[in-house]
>>> print(open('run19.csv').read())   # CSV, C-alpha atoms and all ligand atoms
chain,number,residue,atom,x,y,z
I,1,MET,CA,6.8,178.6,-20.8
I,2,LYS,CA,4.5,176.3,-18.8
I,3,ASP,CA,2.6,173.5,-20.5
I,4,LYS,CA,-0.8,174.5,-21.8
I,5,VAL,CA,-3.6,172.9,-19.8
I,6,THR,CA,-5.8,170.6,-22.0
I,7,ILE,CA,-8.9,168.6,-21.4
I,8,HIS,CA,-6.6,165.6,-20.8
I,9,THR,CA,-4.8,167.5,-18.0
I,10,LEU,CA,-8.1,168.2,-16.4
I,11,ARG,CA,-9.1,164.5,-16.4
I,12,LYS,CA,-5.7,163.7,-14.8
I,13,PHE,CA,-6.3,166.4,-12.1
I,14,LYS,CA,-9.6,164.6,-11.2
I,15,GLN,CA,-7.7,161.2,-11.0
I,16,ALA,CA,-5.0,162.8,-8.8
I,17,LYS,CA,-7.7,164.6,-6.7
I,18,GLN,CA,-6.1,167.9,-7.6
I,19,LYS,CA,-8.7,170.7,-7.5
I,20,ILE,CA,-9.3,172.6,-10.8
I,21,CYS,CA,-9.3,176.4,-10.6
I,22,MET,CA,-11.5,178.0,-13.1
I,23,VAL,CA,-12.5,181.7,-13.5
I,24,THR,CA,-14.2,183.8,-16.0
I,25,ALA,CA,-12.5,186.5,-18.0
I,26,TYR,CA,-13.7,188.8,-20.8
I,27,ASP,CA,-10.5,190.6,-22.0
I,28,ALA,CA,-6.8,190.1,-22.6
I,29,THR,CA,-5.6,192.1,-19.5
I,30,PHE,CA,-7.7,190.1,-17.0
I,31,ALA,CA,-6.9,186.9,-18.8
I,32,ARG,CA,-3.2,187.6,-18.4
I,33,ILE,CA,-3.5,188.4,-14.7
I,34,LEU,CA,-5.6,185.3,-13.9
I,35,ASP,CA,-3.3,183.1,-16.1
I,36,ASP,CA,-0.2,184.4,-14.3
I,37,ALA,CA,-2.0,183.7,-11.0
I,38,GLY,CA,-2.4,180.0,-11.9
I,39,ALA,CA,-5.9,179.6,-13.3
I,40,ASP,CA,-6.2,176.2,-14.9
I,41,VAL,CA,-9.3,177.1,-17.0
I,42,ILE,CA,-10.5,180.5,-18.1
I,43,LEU,CA,-14.2,180.6,-19.2
I,44,VAL,CA,-15.3,183.4,-21.5
I,45,GLY,CA,-18.7,183.3,-19.9
I,46,ASP,CA,-21.9,184.6,-21.4
I,47,SER,CA,-22.1,186.2,-17.9
I,48,LEU,CA,-20.4,189.1,-19.9
I,49,GLY,CA,-24.0,190.0,-20.8
I,50,MET,CA,-24.5,191.0,-17.2
I,51,VAL,CA,-21.1,192.1,-15.8
I,52,ILE,CA,-19.7,193.8,-18.9
I,53,GLN,CA,-22.9,194.8,-20.8
I,54,GLY,CA,-25.0,195.6,-17.8
I,55,ASN,CA,-28.0,193.5,-18.8
I,56,ASP,CA,-30.2,191.8,-16.2
I,57,SER,CA,-29.7,188.3,-17.9
I,58,THR,CA,-27.3,186.5,-20.3
I,59,LEU,CA,-30.0,186.2,-23.0
I,60,PRO,CA,-29.1,189.2,-25.2
I,61,VAL,CA,-25.5,188.0,-25.8
I,62,THR,CA,-24.7,187.2,-29.5
I,63,MET,CA,-22.4,184.8,-31.2
I,64,ASP,CA,-20.3,187.7,-32.6
I,65,GLN,CA,-19.9,189.2,-29.1
I,66,MET,CA,-18.8,185.8,-27.8
I,67,ILE,CA,-16.3,185.4,-30.6
I,68,TYR,CA,-14.9,188.9,-30.0
I,69,HIS,CA,-14.4,188.3,-26.3
I,70,SER,CA,-13.1,184.8,-26.8
I,71,ARG,CA,-10.4,186.1,-29.2
I,72,ILE,CA,-9.1,188.7,-26.9
I,73,VAL,CA,-9.1,186.4,-23.9
I,74,SER,CA,-7.3,183.7,-25.8
I,75,ARG,CA,-4.6,186.3,-26.6
I,76,GLY,CA,-4.0,186.9,-22.8
I,77,ALA,CA,-4.1,183.2,-21.6
I,78,LYS,CA,-0.9,181.4,-22.1
I,79,ARG,CA,-1.2,178.4,-19.8
I,80,ALA,CA,-4.9,178.1,-19.0
I,81,HIS,CA,-7.3,176.2,-21.1
I,82,VAL,CA,-9.8,178.7,-22.6
I,83,VAL,CA,-13.5,177.7,-22.9
I,84,GLY,CA,-16.1,179.7,-24.8
I,85,ASP,CA,-19.7,179.8,-23.8
I,86,MET,CA,-22.3,179.1,-26.5
I,87,PRO,CA,-24.8,182.0,-26.2
I,88,PHE,CA,-28.6,181.7,-26.0
I,89,MET,CA,-30.1,180.4,-29.2
I,90,SER,CA,-26.7,179.5,-30.8
I,91,TYR,CA,-27.2,175.7,-30.1
I,92,GLN,CA,-30.9,175.3,-29.1
I,93,THR,CA,-32.3,175.2,-32.6
I,94,THR,CA,-30.6,172.4,-34.5
I,95,PRO,CA,-27.5,170.3,-34.0
I,96,GLU,CA,-26.2,171.5,-37.4
I,97,GLU,CA,-26.4,175.1,-36.2
I,98,ALA,CA,-24.8,174.2,-32.9
I,99,VAL,CA,-21.8,172.5,-34.7
I,100,ARG,CA,-21.4,175.6,-37.0
I,101,ASN,CA,-21.4,178.0,-34.1
I,102,ALA,CA,-19.1,175.9,-31.9
I,103,GLY,CA,-16.8,175.8,-34.9
I,104,ARG,CA,-16.8,179.6,-35.1
I,105,LEU,CA,-15.9,179.9,-31.4
I,106,VAL,CA,-12.9,177.7,-32.0
I,107,ALA,CA,-11.8,179.0,-35.4
I,108,GLU,CA,-12.5,182.7,-35.0
I,109,GLY,CA,-12.4,183.0,-31.2
I,110,GLY,CA,-9.4,180.8,-30.6
I,111,VAL,CA,-10.9,178.8,-27.7
I,112,GLY,CA,-10.0,175.2,-26.9
I,113,SER,CA,-13.5,174.0,-26.1
I,114,VAL,CA,-17.1,175.2,-25.8
I,115,LYS,CA,-19.7,175.1,-23.0
I,116,LEU,CA,-23.4,174.8,-23.3
I,117,GLU,CA,-26.3,174.6,-20.8
I,118,GLY,CA,-28.8,171.8,-20.6
I,119,GLY,CA,-29.3,168.1,-19.9
I,120,GLU,CA,-30.2,164.9,-21.8
I,121,GLU,CA,-32.2,166.9,-24.3
I,122,PHE,CA,-28.9,168.2,-25.7
I,123,ALA,CA,-27.1,164.9,-25.7
I,124,GLU,CA,-27.3,164.6,-29.5
I,125,THR,CA,-26.1,168.1,-29.9
I,126,VAL,CA,-23.1,167.4,-27.6
I,127,GLU,CA,-22.3,164.2,-29.6
I,128,ARG,CA,-22.4,166.1,-32.9
I,129,ILE,CA,-20.1,168.8,-31.7
I,130,VAL,CA,-17.7,166.3,-30.1
I,131,ARG,CA,-17.7,164.4,-33.4
I,132,ALA,CA,-16.5,167.6,-35.1
I,133,SER,CA,-13.4,167.3,-32.8
I,134,ILE,CA,-14.6,170.2,-30.5
I,135,PRO,CA,-14.5,169.3,-26.8
I,136,VAL,CA,-17.7,170.3,-24.9
I,137,MET,CA,-18.2,171.3,-21.2
I,138,GLY,CA,-21.7,170.7,-19.9
I,139,HIS,CA,-23.6,173.0,-17.5
I,140,LEU,CA,-26.4,171.7,-15.2
I,141,GLY,CA,-28.4,172.9,-12.2
I,142,LEU,CA,-29.1,176.7,-12.2
I,143,THR,CA,-28.7,177.4,-15.9
I,144,PRO,CA,-29.0,181.1,-16.4
I,145,GLN,CA,-30.2,180.9,-20.1
I,146,SER,CA,-33.3,179.1,-18.7
I,147,VAL,CA,-34.1,182.0,-16.3
I,148,HIS,CA,-37.7,182.3,-17.5
I,149,LYS,CA,-38.4,178.6,-17.2
I,150,MET,CA,-36.9,178.4,-13.7
I,151,GLY,CA,-38.9,181.5,-12.6
I,152,GLY,CA,-35.7,183.4,-11.6
I,153,TYR,CA,-32.2,182.5,-10.5
I,154,VAL,CA,-33.1,179.8,-7.9
I,155,VAL,CA,-31.2,176.9,-6.4
I,156,GLN,CA,-32.1,173.7,-8.4
I,157,GLY,CA,-32.3,170.0,-7.3
I,158,ARG,CA,-33.5,170.5,-3.8
I,159,ASP,CA,-36.2,167.8,-3.8
I,160,GLU,CA,-35.7,164.1,-4.6
I,161,GLN,CA,-37.2,164.2,-8.0
I,162,ALA,CA,-35.3,167.2,-9.2
I,163,ALA,CA,-32.1,165.9,-7.8
I,164,ARG,CA,-32.6,162.6,-9.6
I,165,LYS,CA,-33.2,164.4,-12.9
I,166,ILE,CA,-29.9,166.4,-12.5
I,167,LEU,CA,-28.0,163.2,-11.8
I,168,HIS,CA,-29.6,161.5,-14.8
I,169,ASP,CA,-28.7,164.5,-17.0
I,170,ALA,CA,-25.1,164.5,-15.7
I,171,LEU,CA,-24.7,160.8,-16.7
I,172,ALA,CA,-26.3,161.5,-20.1
I,173,LEU,CA,-23.9,164.3,-20.8
I,174,GLU,CA,-20.9,162.2,-19.8
I,175,LYS,CA,-22.1,159.5,-22.1
I,176,ALA,CA,-22.6,162.0,-24.9
I,177,GLY,CA,-18.9,163.0,-24.7
I,178,CYS,CA,-18.7,166.0,-22.4
I,179,TYR,CA,-15.1,166.3,-21.0
I,180,ALA,CA,-16.3,168.3,-17.8
I,181,LEU,CA,-19.4,169.5,-16.2
I,182,VAL,CA,-20.3,172.8,-14.5
I,183,LEU,CA,-22.7,172.3,-11.6
I,184,GLU,CA,-24.3,175.6,-10.6
I,185,GLY,CA,-26.6,176.4,-7.7
I,186,VAL,CA,-27.3,172.9,-6.5
I,187,PRO,CA,-27.2,171.5,-2.9
I,188,MET,CA,-23.7,170.4,-1.9
I,189,ASP,CA,-24.7,166.8,-1.1
I,190,LEU,CA,-26.1,166.4,-4.6
I,191,ALA,CA,-23.0,167.8,-6.2
I,192,ALA,CA,-20.9,165.4,-4.1
I,193,GLN,CA,-22.8,162.4,-5.3
I,194,ILE,CA,-22.6,163.5,-9.0
I,195,SER,CA,-18.9,164.1,-8.7
I,196,GLU,CA,-18.5,160.7,-7.2
I,197,ARG,CA,-20.5,159.0,-10.0
I,198,LEU,CA,-18.8,160.7,-12.9
I,199,THR,CA,-15.4,160.0,-14.3
I,200,ILE,CA,-15.2,163.5,-15.9
I,201,PRO,CA,-14.5,166.5,-13.6
I,202,THR,CA,-17.2,168.5,-12.1
I,203,ILE,CA,-16.7,172.3,-11.6
I,204,GLY,CA,-18.9,173.9,-9.0
I,205,ILE,CA,-20.4,177.3,-8.5
I,206,GLY,CA,-22.6,177.5,-5.5
I,207,ALA,CA,-22.4,173.7,-5.4
I,208,GLY,CA,-20.2,173.0,-2.3
I,209,VAL,CA,-16.6,171.9,-1.8
I,210,HIS,CA,-16.9,168.3,-3.1
I,211,CYS,CA,-16.8,169.2,-6.7
I,212,ASP,CA,-13.5,168.5,-8.6
I,213,GLY,CA,-13.0,172.2,-9.1
I,214,GLN,CA,-14.6,175.6,-8.5
I,215,VAL,CA,-15.4,178.5,-10.7
I,216,LEU,CA,-16.5,182.1,-10.0
I,217,VAL,CA,-17.1,185.1,-12.1
I,218,CYS,CA,-13.9,187.2,-11.8
I,219,TYR,CA,-15.8,190.5,-11.2
I,220,ASP,CA,-17.6,188.8,-8.3
I,221,PHE,CA,-14.6,187.3,-6.3
I,222,LEU,CA,-12.6,190.5,-7.0
I,223,GLY,CA,-15.3,192.7,-5.6
I,224,LEU,CA,-16.0,194.9,-8.6
I,225,ASN,CA,-19.8,195.3,-7.8
I,226,PRO,CA,-20.5,196.3,-4.2
I,227,ASP,CA,-24.2,195.7,-4.6
I,228,PHE,CA,-23.9,192.0,-5.6
I,229,LYS,CA,-23.6,189.8,-2.6
I,230,PRO,CA,-25.0,186.3,-3.2
I,231,LYS,CA,-24.3,183.5,-0.6
I,232,PHE,CA,-22.1,181.5,-3.0
I,233,VAL,CA,-19.6,184.3,-3.7
I,234,LYS,CA,-16.6,185.0,-1.5
I,235,ARG,CA,-14.9,188.3,-2.1
I,236,TYR,CA,-11.1,188.1,-2.2
I,237,ALA,CA,-10.5,191.8,-2.9
I,238,ASP,CA,-12.4,195.1,-3.0
I,239,LEU,CA,-11.5,196.3,-6.5
I,240,TYR,CA,-14.5,198.6,-6.6
I,241,GLY,CA,-13.0,200.4,-3.5
I,242,ALA,CA,-9.4,200.3,-4.9
I,243,ILE,CA,-10.4,201.6,-8.3
I,244,ARG,CA,-12.7,204.3,-6.9
I,245,GLN,CA,-10.1,205.5,-4.4
I,246,ALA,CA,-7.4,205.7,-7.1
I,247,SER,CA,-9.7,207.5,-9.5
I,248,GLU,CA,-10.7,210.0,-6.9
I,249,THR,CA,-7.0,210.8,-6.2
I,250,PHE,CA,-6.3,211.1,-9.9
I,251,PHE,CA,-9.2,213.5,-10.4
I,252,SER,CA,-8.2,215.6,-7.4
I,253,GLU,CA,-4.7,215.9,-8.8
I,254,ILE,CA,-6.0,217.0,-12.2
I,255,ARG,CA,-8.1,219.6,-10.5
I,256,GLY,CA,-5.3,220.7,-8.2
I,257,GLU,CA,-2.8,220.8,-11.1
I,258,THR,CA,-0.4,218.4,-9.4
I,259,PHE,CA,-0.8,216.0,-12.3
I,260,PRO,CA,1.0,215.8,-14.6
I,261,ASP,CA,4.2,216.9,-12.7
I,262,GLU,CA,7.6,217.1,-14.3
I,263,ASP,CA,8.3,213.4,-13.9
I,264,HIS,CA,5.3,212.7,-16.2
I,265,SER,CA,5.9,215.4,-18.8
I,266,PHE,CA,8.2,215.7,-21.8
I,267,LYS,CA,10.7,218.6,-22.3
I,268,SER,CA,11.2,220.4,-25.6
I,269,LYS,CA,14.7,220.5,-27.2
I,270,THR,CA,14.0,223.5,-29.4
I,271,ILE,CA,10.9,225.4,-28.6
I,272,ARG,CA,11.2,228.6,-26.4
I,273,LEU,CA,7.9,229.6,-24.9
I,274,VAL,CA,6.6,233.1,-25.1
I,275,ALA,CA,7.9,235.1,-22.1
I,276,SER,CA,4.7,236.8,-21.1
I,277,ASN,CA,1.4,238.1,-22.5
I,278,LYS,CA,2.7,241.7,-22.1
I,279,SER,CA,5.8,241.4,-24.3
I,280,PRO,CA,5.1,238.7,-26.7
I,281,GLU,CA,8.0,237.3,-28.6
I,282,PRO,CA,7.1,235.4,-31.8
I,283,ALA,CA,7.5,231.7,-31.1
I,284,PRO,CA,10.2,230.1,-33.2
I,285,VAL,CA,9.1,227.6,-35.8
I,286,PRO,CA,9.8,224.2,-34.3
I,287,GLU,CA,12.3,221.9,-36.1
I,288,ARG,CA,10.5,219.1,-37.9
I,289,ASP,CA,10.4,216.0,-35.8
I,290,GLU,CA,12.1,213.4,-37.9
I,291,GLY,CA,11.5,210.6,-35.3
I,292,GLY,CA,14.2,209.0,-33.4
I,293,GLY,CA,13.3,211.1,-30.3
I,294,GLU,CA,12.4,210.0,-26.8
I,295,LYS,CA,10.8,206.6,-27.0
I,296,ILE,CA,7.7,206.3,-24.7
I,297,GLY,CA,7.2,202.6,-25.5
I,298,PRO,CA,3.7,201.2,-26.1
I,299,VAL,CA,0.9,203.6,-25.3
I,300,TYR,CA,-2.1,202.4,-23.2
I,301,GLY,CA,-0.5,199.8,-21.0
I,302,VAL,CA,1.5,196.7,-21.6
I,303,PRO,CA,0.5,194.5,-24.5
I,304,VAL,CA,0.2,190.8,-23.6
I,401,LIG,O1,-21.4,182.5,-17.9
I,401,LIG,C1,-20.7,182.2,-16.9
I,401,LIG,O2,-19.9,183.0,-16.4
I,401,LIG,C2,-20.9,180.9,-16.4
I,401,LIG,C3,-20.2,180.5,-15.1
I,401,LIG,C4,-20.6,181.3,-14.0
I,401,LIG,C5,-20.2,179.1,-14.9
I,401,LIG,O3,-21.5,180.1,-17.0
>>> encode(input="run19.csv", output="structure tokens", more="lines below")
Ligand code: KIV
Amino acid sequence: MKDKVTIHTLRKFKQAKQKICMVTAYDATFARILDDAGADVILVGDSLGMVIQGNDSTLPVTMDQMIYHSRIVSRGAKRAHVVGDMPFMSYQTTPEEAVRNAGRLVAEGGVGSVKLEGGEEFAETVERIVRASIPVMGHLGLTPQSVHKMGGYVVQGRDEQAARKILHDALALEKAGCYALVLEGVPMDLAAQISERLTIPTIGIGAGVHCDGQVLVCYDFLGLNPDFKPKFVKRYADLYGAIRQASETFFSEIRGETFPDEDHSFKSKTIRLVASNKSPEPAPVPERDEGGGEKIGPVYGVPV
């Protein structure tokens, strides 16, 4: 069993200039695959509101939904550090409410830290959560929960004043106690400067190669949505194509009666089938199945 990644491991990665690999996951099966592949951090992102629930923003996601997905991801991730996203309006009202909700994500969802979006205006909230012994990851730049304020999903920090504000917020979040910072949708030179100035690791998404780590939504880099092709996403697989192809073959075998074949069927020990419709024999009463028969193992895939 490999050592669990902690927030201290991530700081050491930055010091050793070892890049941090972070991905999102929303269920135990994906968490297990990504963990086996070597993810350092698995984020249960509120992006689940879009890729799992099919909404056009992350805003409808609730605390209870985040807790449910955090719990099932935590079950699948053995080595990776699991971070739970604080959903919209779970921390923006009061620091007390924020601490309570962060506590629920840890206690009920099983995550090792929480992530929240926003800058200096949330410094006190970050401090209060950290004081409750819950590590906090910050998130600056393109912050999807502020989609209406930003006027859409647009790159942030392109002009001097906006760039200065993001750098200022980054320093404020580090001072408030954040252990790491996501930089989303910002120019690569700005992300490079912020990564240089901070002692905590930066994790980029659409922020260039100079961050201390990178994160992508797993459905994006695995190619599950053929219609979603933003500039910052590189596709490493075509899972939409693979799943569609496999499903079409499955359906054609059902329709052609080639599935299930004998290899995928069970044989009876005692029941003789009726010979034909013309000379029906009464079917014998089957022996009661007392168990101890052919074991088929767990149903519905391999438990993690
Ligand atoms: O919700 C999410 O998945 C995120 C990442 C894309 C950083 O916040």
>>> closest_atom_pairs(input="run19.csv", of="chain I", to="ligand LIG 401 (chain I)", cutoff="6 Å", atoms="all atoms listed in the file", output="CSV")
residue,atom,partner,partner_atom,distance
I:Thr24,CA,I:LIG401,O2,5.8
I:Gly45,CA,I:LIG401,O1,3.5
I:Asp46,CA,I:LIG401,O1,4.1
I:Ser47,CA,I:LIG401,O1,3.8
I:Leu216,CA,I:LIG401,C4,5.8
I:Val217,CA,I:LIG401,C4,5.5
>>> closest_residue(input="run19.csv", among="I:Asp40, I:Glu96, I:Glu124, I:Asp27", to="Lys175 (chain I)", atoms="all atoms listed in the file")
I:Glu124
>>> residues_around(input="run19.csv", residues="Ser146 (chain I)", least_positions_apart="3", cutoff="12 Å", atoms="only C-alpha atoms", output="ChimeraX atom specification")
/I:57-59,87-89,92,116-119,139-143,149-154,156
>>> closest_residue(input="run19.csv", among="I:Val82, I:Val209, I:Ala191, I:Ala180", to="Lys14 (chain I)", atoms="only C-alpha atoms")
I:Ala180
>>> residues_around(input="run19.csv", residues="Glu160 (chain I)", least_positions_apart="4", cutoff="10 Å", atoms="all atoms listed in the file", output="list of chain:residue names")
I:Arg164, I:Lys165, I:Leu190
>>> residues_around(input="run19.csv", residues="region 98-103 of chain I", least_positions_apart="4", cutoff="7 Å", atoms="all atoms listed in the file", output="list in words")
Ser90, Tyr91, Thr94, Ala107, Val114, Thr125, Arg128 and Ile129 of chain I
>>> atom_distance(input="run19.csv", atom1="CA of Arg255 (chain I)", atom2="CA of Thr29 (chain I)")
29.0 Å
>>> residues_around(input="run19.csv", residues="Pro201 (chain I)", least_positions_apart="6", cutoff="12 Å", atoms="all atoms listed in the file", output="PyMOL selection string")
chain I and resi 7-22+137-139+170+174+178-183+191-192+194-195+210-214
>>> atom_distance(input="run19.csv", atom1="CA of Arg32 (chain I)", atom2="CA of Lys229 (chain I)")
25.9 Å
>>> closest_residue(input="run19.csv", among="I:Met66, I:Val233, I:Leu222, I:Val126", to="Gly185 (chain I)", atoms="only C-alpha atoms")
I:Val233
>>> closest_residue(input="run19.csv", among="I:Ala28, I:Val61, I:Gly54, I:Ser113", to="Arg75 (chain I)", atoms="all atoms listed in the file")
I:Ala28
>>> residues_near_point(input="run19.csv", point="(10.2, 179.5, -17.2)", cutoff="12 Å", atoms="all atoms listed in the file", output="PDB file with C-alpha atoms, in the coordinates of the input")
ATOM      1  CA  MET I   1       6.800 178.600 -20.800  1.00  0.00           C
ATOM      2  CA  LYS I   2       4.500 176.300 -18.800  1.00  0.00           C
ATOM      3  CA  ASP I   3       2.600 173.500 -20.500  1.00  0.00           C
ATOM      4  CA  ASP I  36      -0.200 184.400 -14.300  1.00  0.00           C
ATOM      5  CA  ARG I  79      -1.200 178.400 -19.800  1.00  0.00           C
TER       6      ARG I  79
END
>>> residues_near_point(input="run19.csv", point="(-14.6, 183.6, -27.7)", cutoff="8 Å", atoms="all atoms listed in the file", output="JSON, numbers by chain")
{"I": [44, 65, 66, 67, 68, 69, 70, 71, 72, 73, 74, 83, 84, 85, 105, 106, 108, 109, 110, 111]}
>>> atom_distance(input="run19.csv", atom1="CA of Ala132 (chain I)", atom2="CA of Glu184 (chain I)")
26.9 Å
